[in-house]
file final_34.cif (mmCIF, N, CA, C and O atoms)
data_start
loop_
_atom_site.label_atom_id
_atom_site.label_comp_id
_atom_site.auth_asym_id
_atom_site.auth_seq_id
_atom_site.Cartn_x
_atom_site.Cartn_y
_atom_site.Cartn_z
N MET A 1 0.38 -37.67 -23.79
CA MET A 1 1.30 -38.56 -24.44
C MET A 1 2.25 -37.78 -25.35
O MET A 1 3.45 -38.00 -25.35
N VAL A 2 1.67 -36.85 -26.14
CA VAL A 2 2.51 -36.07 -27.05
C VAL A 2 3.52 -35.25 -26.25
O VAL A 2 4.69 -35.20 -26.60
N HIS A 3 3.05 -34.61 -25.16
CA HIS A 3 3.97 -33.82 -24.33
C HIS A 3 5.07 -34.72 -23.76
O HIS A 3 6.22 -34.33 -23.72
N TRP A 4 4.70 -35.91 -23.32
CA TRP A 4 5.67 -36.84 -22.75
C TRP A 4 6.75 -37.18 -23.78
O TRP A 4 7.92 -37.24 -23.47
N LEU A 5 6.34 -37.37 -25.04
CA LEU A 5 7.30 -37.71 -26.08
C LEU A 5 8.05 -36.48 -26.60
O LEU A 5 9.25 -36.53 -26.85
N ALA A 6 7.36 -35.38 -26.77
CA ALA A 6 7.96 -34.18 -27.35
C ALA A 6 8.73 -33.35 -26.33
O ALA A 6 9.66 -32.65 -26.70
N GLY A 7 8.35 -33.41 -25.06
CA GLY A 7 8.99 -32.60 -24.03
C GLY A 7 10.50 -32.74 -24.01
O GLY A 7 11.22 -31.75 -24.15
N PRO A 8 11.04 -33.96 -23.85
CA PRO A 8 12.50 -34.11 -23.83
C PRO A 8 13.16 -33.67 -25.13
O PRO A 8 14.22 -33.05 -25.11
N ALA A 9 12.56 -33.96 -26.26
CA ALA A 9 13.12 -33.56 -27.55
C ALA A 9 13.14 -32.03 -27.67
O ALA A 9 14.12 -31.45 -28.15
N MET A 10 12.07 -31.40 -27.23
CA MET A 10 12.00 -29.93 -27.27
C MET A 10 13.05 -29.32 -26.35
O MET A 10 13.73 -28.37 -26.74
N ARG A 11 13.20 -29.88 -25.17
CA ARG A 11 14.23 -29.38 -24.24
C ARG A 11 15.63 -29.49 -24.85
O ARG A 11 16.43 -28.56 -24.76
N ARG A 12 15.92 -30.62 -25.48
CA ARG A 12 17.24 -30.81 -26.11
C ARG A 12 17.45 -29.84 -27.27
O ARG A 12 18.52 -29.24 -27.42
N ALA A 13 16.42 -29.67 -28.09
CA ALA A 13 16.53 -28.77 -29.25
C ALA A 13 16.76 -27.33 -28.79
O ALA A 13 17.59 -26.62 -29.36
N LEU A 14 16.07 -26.91 -27.76
CA LEU A 14 16.27 -25.55 -27.23
C LEU A 14 17.65 -25.41 -26.61
O LEU A 14 18.32 -24.40 -26.80
N ALA A 15 18.08 -26.42 -25.87
CA ALA A 15 19.40 -26.37 -25.23
C ALA A 15 20.51 -26.25 -26.27
O ALA A 15 21.47 -25.50 -26.07
N LYS A 16 20.37 -26.95 -27.39
CA LYS A 16 21.35 -26.85 -28.47
C LYS A 16 21.47 -25.42 -28.99
O LYS A 16 22.52 -25.02 -29.49
N ARG A 17 20.39 -24.69 -28.88
CA ARG A 17 20.35 -23.31 -29.39
C ARG A 17 20.62 -22.29 -28.29
O ARG A 17 20.47 -21.10 -28.49
N GLY A 18 20.97 -22.78 -27.11
CA GLY A 18 21.27 -21.88 -26.00
C GLY A 18 20.05 -21.25 -25.36
O GLY A 18 20.15 -20.22 -24.71
N GLN A 19 18.88 -21.89 -25.52
CA GLN A 19 17.64 -21.37 -24.94
C GLN A 19 17.13 -22.30 -23.85
O GLN A 19 17.30 -23.51 -23.93
N ARG A 20 16.48 -21.70 -22.87
CA ARG A 20 15.88 -22.49 -21.80
C ARG A 20 14.48 -22.95 -22.20
O ARG A 20 13.78 -22.28 -22.95
N TYR A 21 14.07 -24.07 -21.64
CA TYR A 21 12.72 -24.59 -21.88
C TYR A 21 11.69 -23.73 -21.16
O TYR A 21 10.66 -23.38 -21.70
N GLU A 22 11.99 -23.38 -19.91
CA GLU A 22 11.11 -22.52 -19.12
C GLU A 22 11.56 -21.08 -19.34
O GLU A 22 12.73 -20.76 -19.16
N GLN A 23 10.62 -20.21 -19.72
CA GLN A 23 10.95 -18.82 -19.97
C GLN A 23 9.90 -17.92 -19.33
O GLN A 23 8.75 -18.32 -19.15
N ALA A 24 10.31 -16.70 -19.01
CA ALA A 24 9.40 -15.73 -18.39
C ALA A 24 8.29 -15.37 -19.37
O ALA A 24 8.53 -15.09 -20.54
N LEU A 25 7.06 -15.37 -18.87
CA LEU A 25 5.89 -15.05 -19.68
C LEU A 25 5.04 -14.02 -18.96
O LEU A 25 4.77 -14.15 -17.76
N THR A 26 4.64 -12.99 -19.69
CA THR A 26 3.71 -11.99 -19.18
C THR A 26 2.65 -11.76 -20.24
O THR A 26 2.97 -11.63 -21.42
N LEU A 27 1.41 -11.72 -19.82
CA LEU A 27 0.31 -11.40 -20.72
C LEU A 27 -0.38 -10.18 -20.14
O LEU A 27 -0.87 -10.22 -19.01
N ARG A 28 -0.37 -9.07 -20.90
CA ARG A 28 -0.94 -7.81 -20.42
C ARG A 28 -2.17 -7.43 -21.24
O ARG A 28 -2.19 -7.62 -22.45
N LEU A 29 -3.15 -6.90 -20.54
CA LEU A 29 -4.35 -6.39 -21.18
C LEU A 29 -4.26 -4.87 -21.15
O LEU A 29 -4.24 -4.28 -20.07
N THR A 30 -4.17 -4.24 -22.30
CA THR A 30 -4.17 -2.79 -22.37
C THR A 30 -5.49 -2.37 -23.02
O THR A 30 -6.18 -3.20 -23.61
N PRO A 31 -5.84 -1.10 -22.95
CA PRO A 31 -7.09 -0.68 -23.60
C PRO A 31 -7.11 -0.98 -25.11
O PRO A 31 -8.15 -1.28 -25.67
N GLN A 32 -5.94 -0.95 -25.76
CA GLN A 32 -5.88 -1.14 -27.19
C GLN A 32 -5.56 -2.57 -27.63
O GLN A 32 -5.90 -2.96 -28.74
N ALA A 33 -4.87 -3.33 -26.77
CA ALA A 33 -4.33 -4.60 -27.26
C ALA A 33 -4.06 -5.60 -26.15
O ALA A 33 -3.97 -5.26 -24.97
N LEU A 34 -3.88 -6.83 -26.60
CA LEU A 34 -3.40 -7.93 -25.78
C LEU A 34 -1.91 -8.03 -26.07
O LEU A 34 -1.51 -8.12 -27.24
N VAL A 35 -1.08 -7.97 -25.03
CA VAL A 35 0.38 -7.96 -25.23
C VAL A 35 0.97 -9.19 -24.55
O VAL A 35 0.78 -9.40 -23.35
N TYR A 36 1.68 -9.98 -25.31
CA TYR A 36 2.25 -11.28 -24.87
C TYR A 36 3.76 -11.15 -24.91
O TYR A 36 4.35 -10.96 -25.98
N ASP A 37 4.38 -11.21 -23.76
CA ASP A 37 5.84 -11.13 -23.65
C ASP A 37 6.37 -12.49 -23.21
O ASP A 37 6.04 -12.95 -22.12
N LEU A 38 7.18 -13.12 -24.03
CA LEU A 38 7.80 -14.40 -23.71
C LEU A 38 9.30 -14.24 -23.92
O LEU A 38 9.77 -14.16 -25.06
N ALA A 39 10.02 -14.12 -22.80
CA ALA A 39 11.47 -13.89 -22.85
C ALA A 39 11.75 -12.68 -23.73
O ALA A 39 11.32 -11.59 -23.42
N ASP A 40 12.43 -12.88 -24.86
CA ASP A 40 12.80 -11.76 -25.74
C ASP A 40 11.79 -11.52 -26.86
O ASP A 40 12.04 -10.71 -27.75
N LEU A 41 10.68 -12.20 -26.84
CA LEU A 41 9.65 -12.07 -27.87
C LEU A 41 8.47 -11.28 -27.33
O LEU A 41 7.99 -11.56 -26.23
N THR A 42 8.00 -10.31 -28.10
CA THR A 42 6.78 -9.58 -27.74
C THR A 42 5.83 -9.63 -28.93
O THR A 42 6.21 -9.31 -30.05
N MET A 43 4.60 -10.08 -28.65
CA MET A 43 3.55 -10.07 -29.67
C MET A 43 2.44 -9.16 -29.17
O MET A 43 2.06 -9.23 -27.99
N THR A 44 1.93 -8.34 -30.05
CA THR A 44 0.84 -7.43 -29.71
C THR A 44 -0.31 -7.69 -30.66
O THR A 44 -0.11 -7.71 -31.88
N ALA A 45 -1.49 -7.89 -30.10
CA ALA A 45 -2.68 -8.11 -30.91
C ALA A 45 -3.72 -7.05 -30.54
O ALA A 45 -4.17 -7.01 -29.39
N ASN A 46 -4.05 -6.20 -31.48
CA ASN A 46 -5.12 -5.25 -31.24
C ASN A 46 -6.40 -6.03 -30.99
O ASN A 46 -6.62 -7.09 -31.59
N TRP A 47 -7.24 -5.54 -30.09
CA TRP A 47 -8.43 -6.30 -29.69
C TRP A 47 -9.30 -6.77 -30.85
O TRP A 47 -9.82 -7.89 -30.82
N PRO A 48 -9.47 -5.99 -31.92
CA PRO A 48 -10.29 -6.50 -33.04
C PRO A 48 -9.72 -7.77 -33.69
O PRO A 48 -10.45 -8.50 -34.36
N CYS A 49 -8.43 -8.05 -33.49
CA CYS A 49 -7.80 -9.25 -34.06
C CYS A 49 -8.03 -10.49 -33.22
O CYS A 49 -7.81 -11.60 -33.68
N VAL A 50 -8.44 -10.32 -31.97
CA VAL A 50 -8.68 -11.47 -31.09
C VAL A 50 -10.03 -12.06 -31.47
O VAL A 50 -11.06 -11.40 -31.35
N THR A 51 -10.01 -13.30 -31.96
CA THR A 51 -11.24 -13.90 -32.48
C THR A 51 -11.93 -14.87 -31.52
O THR A 51 -13.12 -15.08 -31.64
N ASP A 52 -11.18 -15.47 -30.59
CA ASP A 52 -11.74 -16.47 -29.68
C ASP A 52 -10.88 -16.52 -28.41
O ASP A 52 -9.70 -16.19 -28.45
N LEU A 53 -11.51 -17.00 -27.34
CA LEU A 53 -10.79 -17.31 -26.11
C LEU A 53 -11.38 -18.60 -25.59
O LEU A 53 -12.59 -18.70 -25.36
N TYR A 54 -10.53 -19.62 -25.45
CA TYR A 54 -11.06 -20.89 -24.93
C TYR A 54 -10.12 -21.47 -23.89
O TYR A 54 -8.95 -21.10 -23.78
N ARG A 55 -10.69 -22.37 -23.09
CA ARG A 55 -9.97 -22.98 -21.97
C ARG A 55 -9.74 -24.46 -22.25
O ARG A 55 -10.62 -25.16 -22.74
N THR A 56 -8.53 -24.89 -21.92
CA THR A 56 -8.25 -26.32 -21.89
C THR A 56 -8.06 -26.67 -20.41
O THR A 56 -8.21 -25.80 -19.54
N SER A 57 -7.70 -27.88 -20.12
CA SER A 57 -7.52 -28.24 -18.71
C SER A 57 -6.39 -27.45 -18.05
O SER A 57 -6.46 -27.15 -16.86
N LYS A 58 -5.38 -27.04 -18.82
CA LYS A 58 -4.23 -26.37 -18.23
C LYS A 58 -3.97 -24.96 -18.75
O LYS A 58 -3.10 -24.27 -18.21
N TYR A 59 -4.68 -24.53 -19.79
CA TYR A 59 -4.36 -23.26 -20.43
C TYR A 59 -5.60 -22.47 -20.82
O TYR A 59 -6.66 -23.04 -21.04
N TRP A 60 -5.41 -21.15 -20.94
CA TRP A 60 -6.34 -20.29 -21.66
C TRP A 60 -5.65 -19.98 -22.98
O TRP A 60 -4.45 -19.70 -23.01
N VAL A 61 -6.39 -20.04 -24.07
CA VAL A 61 -5.82 -19.80 -25.39
C VAL A 61 -6.59 -18.67 -26.06
O VAL A 61 -7.81 -18.77 -26.27
N PHE A 62 -5.88 -17.60 -26.37
CA PHE A 62 -6.43 -16.50 -27.14
C PHE A 62 -6.08 -16.77 -28.60
O PHE A 62 -4.90 -16.89 -28.94
N LEU A 63 -7.09 -16.89 -29.46
CA LEU A 63 -6.83 -17.02 -30.89
C LEU A 63 -6.80 -15.62 -31.48
O LEU A 63 -7.70 -14.82 -31.26
N VAL A 64 -5.72 -15.35 -32.18
CA VAL A 64 -5.49 -14.04 -32.76
C VAL A 64 -5.24 -14.26 -34.24
O VAL A 64 -4.15 -14.67 -34.64
N GLN A 65 -6.28 -14.05 -35.04
CA GLN A 65 -6.26 -14.39 -36.46
C GLN A 65 -5.79 -15.83 -36.58
O GLN A 65 -6.49 -16.72 -36.13
N SER A 66 -4.62 -16.12 -37.11
CA SER A 66 -4.20 -17.52 -37.26
C SER A 66 -3.15 -17.94 -36.24
O SER A 66 -2.54 -18.99 -36.38
N SER A 67 -2.93 -17.13 -35.22
CA SER A 67 -1.94 -17.44 -34.18
C SER A 67 -2.62 -17.66 -32.84
O SER A 67 -3.78 -17.32 -32.66
N ALA A 68 -1.86 -18.22 -31.91
CA ALA A 68 -2.39 -18.46 -30.57
C ALA A 68 -1.47 -17.82 -29.53
O ALA A 68 -0.25 -17.86 -29.66
N MET A 69 -2.08 -17.23 -28.53
CA MET A 69 -1.36 -16.74 -27.36
C MET A 69 -1.84 -17.61 -26.20
O MET A 69 -3.02 -17.61 -25.88
N VAL A 70 -0.93 -18.35 -25.59
CA VAL A 70 -1.28 -19.37 -24.62
C VAL A 70 -0.87 -18.91 -23.22
O VAL A 70 0.28 -18.53 -23.00
N LEU A 71 -1.82 -18.96 -22.30
CA LEU A 71 -1.58 -18.54 -20.93
C LEU A 71 -1.84 -19.71 -19.98
O LEU A 71 -2.98 -20.20 -19.88
N PRO A 72 -0.81 -20.21 -19.30
CA PRO A 72 -1.03 -21.31 -18.35
C PRO A 72 -1.97 -20.90 -17.21
O PRO A 72 -1.81 -19.83 -16.64
N ARG A 73 -2.92 -21.74 -16.91
CA ARG A 73 -3.87 -21.45 -15.84
C ARG A 73 -3.20 -21.44 -14.48
O ARG A 73 -3.68 -20.80 -13.55
N ARG A 74 -2.07 -22.12 -14.35
CA ARG A 74 -1.36 -22.15 -13.06
C ARG A 74 -0.82 -20.78 -12.67
O ARG A 74 -0.42 -20.57 -11.53
N PHE A 75 -0.79 -19.83 -13.59
CA PHE A 75 -0.30 -18.48 -13.29
C PHE A 75 -1.21 -17.74 -12.33
O PHE A 75 -0.80 -16.77 -11.71
N PHE A 76 -2.46 -18.16 -12.23
CA PHE A 76 -3.41 -17.45 -11.37
C PHE A 76 -3.32 -17.94 -9.94
O PHE A 76 -3.30 -19.14 -9.68
N ALA A 77 -3.27 -17.00 -9.02
CA ALA A 77 -3.16 -17.33 -7.60
C ALA A 77 -4.43 -17.98 -7.05
O ALA A 77 -4.37 -18.72 -6.07
N SER A 78 -5.56 -17.70 -7.68
CA SER A 78 -6.83 -18.24 -7.20
C SER A 78 -7.83 -18.29 -8.35
O SER A 78 -7.62 -17.69 -9.40
N THR A 79 -8.91 -19.00 -8.11
CA THR A 79 -9.98 -19.06 -9.09
C THR A 79 -10.56 -17.68 -9.33
O THR A 79 -10.89 -17.31 -10.46
N GLU A 80 -10.66 -16.89 -8.28
CA GLU A 80 -11.19 -15.53 -8.41
C GLU A 80 -10.26 -14.66 -9.25
O GLU A 80 -10.72 -13.86 -10.07
N ALA A 81 -8.95 -14.78 -9.08
CA ALA A 81 -8.00 -14.01 -9.89
C ALA A 81 -8.12 -14.41 -11.36
O ALA A 81 -8.07 -13.56 -12.26
N GLU A 82 -8.29 -15.69 -11.61
CA GLU A 82 -8.48 -16.18 -12.98
C GLU A 82 -9.77 -15.60 -13.57
O GLU A 82 -9.78 -15.07 -14.68
N ARG A 83 -10.85 -15.67 -12.81
CA ARG A 83 -12.14 -15.15 -13.28
C ARG A 83 -12.05 -13.66 -13.58
O ARG A 83 -12.54 -13.18 -14.61
N ALA A 84 -11.39 -12.89 -12.69
CA ALA A 84 -11.27 -11.44 -12.89
C ALA A 84 -10.47 -11.12 -14.16
O ALA A 84 -10.83 -10.21 -14.92
N PHE A 85 -9.39 -11.86 -14.39
CA PHE A 85 -8.57 -11.63 -15.58
C PHE A 85 -9.37 -11.93 -16.84
O PHE A 85 -9.36 -11.15 -17.80
N ILE A 86 -10.06 -13.06 -16.84
CA ILE A 86 -10.84 -13.45 -18.02
C ILE A 86 -11.97 -12.46 -18.25
O ILE A 86 -12.26 -12.07 -19.39
N ALA A 87 -12.61 -11.99 -17.18
CA ALA A 87 -13.67 -10.98 -17.31
C ALA A 87 -13.13 -9.70 -17.94
O ALA A 87 -13.77 -9.11 -18.82
N GLU A 88 -11.96 -9.28 -17.50
CA GLU A 88 -11.35 -8.07 -18.07
C GLU A 88 -11.03 -8.27 -19.55
O GLU A 88 -11.30 -7.39 -20.37
N ALA A 89 -10.47 -9.42 -19.89
CA ALA A 89 -10.17 -9.70 -21.30
C ALA A 89 -11.45 -9.70 -22.13
O ALA A 89 -11.51 -9.09 -23.21
N MET A 90 -12.48 -10.37 -21.63
CA MET A 90 -13.74 -10.45 -22.36
C MET A 90 -14.37 -9.07 -22.56
O MET A 90 -14.99 -8.82 -23.59
N SER A 91 -14.18 -8.18 -21.59
CA SER A 91 -14.77 -6.84 -21.71
C SER A 91 -14.14 -6.05 -22.86
O SER A 91 -14.72 -5.09 -23.34
N ARG A 92 -12.96 -6.46 -23.30
CA ARG A 92 -12.25 -5.76 -24.37
C ARG A 92 -12.43 -6.42 -25.74
O ARG A 92 -12.11 -5.84 -26.76
N MET A 93 -12.94 -7.64 -25.74
CA MET A 93 -13.13 -8.38 -26.99
C MET A 93 -14.41 -7.93 -27.69
O MET A 93 -15.33 -7.42 -27.06
N SER A 94 -14.46 -8.13 -28.99
CA SER A 94 -15.66 -7.77 -29.77
C SER A 94 -16.82 -8.68 -29.39
O SER A 94 -16.63 -9.77 -28.83
N ASP A 95 -18.03 -8.25 -29.73
CA ASP A 95 -19.22 -9.07 -29.48
C ASP A 95 -19.09 -10.43 -30.18
O ASP A 95 -19.43 -11.46 -29.61
N ALA A 96 -18.61 -10.42 -31.41
CA ALA A 96 -18.46 -11.67 -32.17
C ALA A 96 -17.45 -12.60 -31.50
O ALA A 96 -17.67 -13.80 -31.41
N ALA A 97 -16.35 -12.05 -31.02
CA ALA A 97 -15.33 -12.87 -30.34
C ALA A 97 -15.89 -13.45 -29.04
O ALA A 97 -15.64 -14.62 -28.73
N ARG A 98 -16.64 -12.65 -28.31
CA ARG A 98 -17.26 -13.16 -27.08
C ARG A 98 -18.23 -14.29 -27.40
O ARG A 98 -18.29 -15.29 -26.69
N ALA A 99 -18.97 -14.15 -28.49
CA ALA A 99 -19.94 -15.18 -28.88
C ALA A 99 -19.24 -16.49 -29.25
O ALA A 99 -19.83 -17.56 -29.08
N ARG A 100 -18.00 -16.42 -29.70
CA ARG A 100 -17.24 -17.63 -30.05
C ARG A 100 -16.44 -18.16 -28.87
O ARG A 100 -15.62 -19.07 -29.04
N SER A 101 -16.65 -17.62 -27.67
CA SER A 101 -15.85 -17.97 -26.50
C SER A 101 -16.70 -18.46 -25.34
O SER A 101 -16.70 -17.88 -24.25
N PRO A 102 -17.44 -19.56 -25.53
CA PRO A 102 -18.35 -20.02 -24.46
C PRO A 102 -17.62 -20.43 -23.18
O PRO A 102 -18.19 -20.28 -22.09
N ASP A 103 -16.40 -20.93 -23.27
CA ASP A 103 -15.67 -21.29 -22.05
C ASP A 103 -15.45 -20.07 -21.17
O ASP A 103 -15.66 -20.11 -19.96
N ALA A 104 -15.04 -18.98 -21.79
CA ALA A 104 -14.79 -17.74 -21.05
C ALA A 104 -16.09 -17.16 -20.52
O ALA A 104 -16.14 -16.69 -19.37
N VAL A 105 -17.14 -17.19 -21.32
CA VAL A 105 -18.44 -16.68 -20.87
C VAL A 105 -18.89 -17.47 -19.64
O VAL A 105 -19.39 -16.89 -18.66
N GLY A 106 -18.69 -18.77 -19.66
CA GLY A 106 -19.07 -19.61 -18.53
C GLY A 106 -18.32 -19.28 -17.25
O GLY A 106 -18.89 -19.28 -16.16
N VAL A 107 -17.05 -18.95 -17.38
CA VAL A 107 -16.23 -18.60 -16.21
C VAL A 107 -16.65 -17.25 -15.64
O VAL A 107 -16.73 -17.07 -14.43
N VAL A 108 -16.94 -16.33 -16.52
CA VAL A 108 -17.32 -14.98 -16.11
C VAL A 108 -18.75 -14.97 -15.56
O VAL A 108 -19.07 -14.15 -14.69
N GLY A 109 -19.56 -15.89 -16.08
CA GLY A 109 -20.93 -15.97 -15.58
C GLY A 109 -21.91 -15.11 -16.35
O GLY A 109 -22.86 -14.59 -15.81
N GLY A 110 -21.64 -14.93 -17.64
CA GLY A 110 -22.50 -14.05 -18.41
C GLY A 110 -23.22 -14.70 -19.48
O GLY A 110 -23.40 -15.52 -20.09
#

call {"tool": "encode", "arguments": {"input": "final_34.cif", "output": "structure tokens"}}
result
Amino acid sequence: MVHWLAGPAMRRALAKRGQRYEQALTLRLTPQALVYDLADLTMTANWPCVTDLYRTSKYWVFLVQSSAMVLPRRFFASTEAERAFIAEAMSRMSDAARARSPDAVGVVGG
């Protein structure tokens, strides 16, 4: 409901500013950090800053201190590709962060 109401308003607000509603998104896992590229914005979170990873019906959400990095689940070509990505991310997260991420643990099977 909120998306239905906010979606058109958000599209208009972005259009007024010369920005598109749909923008290119890349989420990269490096040995040192989680890197989130959204159009002209790049956010980098060193792995110790990643506190949680949880799943909603449409997204994976990495909590990074008080911010969120949101990855649409539709980006994955298959369930196996999604599982492999989440397993790789989990392998880089701290033990405490993994313990706070039961959705991800369930997908990985650990």

call {"tool": "closest_residue", "arguments": {"input": "final_34.cif", "among": "A:Ala96, A:Ala24, A:Ala81, A:Ile86", "to": "Val61 of chain A", "atoms": "only C-alpha atoms"}}
result
A:Ile86

call {"tool": "closest_residue", "arguments": {"input": "final_34.cif", "among": "A:Gly18, A:Asn46, A:Lys58, A:Val108", "to": "Glu80 of chain A", "atoms": "only C-alpha atoms"}}
result
A:Val108

call {"tool": "resolve_selection", "arguments": {"input": "final_34.cif", "expression": "the PyMOL selection byres ((chain A and resi 33) around 8)", "output": "list in words"}}
result
Leu27, Arg28, Leu29, Thr30, Pro31, Gln32, Leu34, Val35, Tyr36, Met43, Thr44, Ala45, Asn46, Trp47, Pro48 and Arg92 of chain A

call {"tool": "closest_residue", "arguments": {"input": "final_34.cif", "among": "A:Val50, A:Ala9, A:Phe76, A:Arg83", "to": "Phe62 of chain A", "atoms": "only C-alpha atoms"}}
result
A:Val50

call {"tool": "closest_residue", "arguments": {"input": "final_34.cif", "among": "A:Arg74, A:Val107, A:Ser94, A:Ala15", "to": "Cys49 of chain A", "atoms": "all atoms listed in the file"}}
result
A:Ser94

call {"tool": "select_by_dssp", "arguments": {"input": "final_34.cif", "residues": "chain A", "states": "helix (DSSP H, G or I)", "output": "number ranges by chain"}}
result
A: 2-16, 47-49, 73-75, 79-92, 95-99, 102-108

call {"tool": "atom_distance", "arguments": {"input": "final_34.cif", "atom1": "atom N of Asp103 of chain A", "atom2": "atom C of Thr51 of chain A"}}
result
11.2 Å

call {"tool": "atom_distance", "arguments": {"input": "final_34.cif", "atom1": "atom CA of Gly109 of chain A", "atom2": "atom CA of Leu71 of chain A"}}
result
20.2 Å

call {"tool": "axis_aligned_box", "arguments": {"input": "final_34.cif", "around": "segment 81-89 of chain A", "padding_each_side": "6 Å", "output": "lines of an AutoDock Vina configuration file"}}
result
center_x = -10.9
center_y = -11.8
center_z = -16.1
size_x = 17.8
size_y = 20.8
size_z = 26.1

call {"tool": "closest_residue", "arguments": {"input": "final_34.cif", "among": "A:Leu53, A:Ala68, A:Arg100, A:Arg12", "to": "Ala87 of chain A", "atoms": "only C-alpha atoms"}}
result
A:Leu53

call {"tool": "atom_distance", "arguments": {"input": "final_34.cif", "atom1": "atom O of Pro72 of chain A", "atom2": "atom N of Trp60 of chain A"}}
result
5.8 Å

call {"tool": "select_by_dssp", "arguments": {"input": "final_34.cif", "residues": "segment 8-93 of chain A", "states": "strand (DSSP E)", "output": "number ranges by chain"}}
result
A: 25-29, 33-38, 41-46, 50-55, 59-64, 67-72
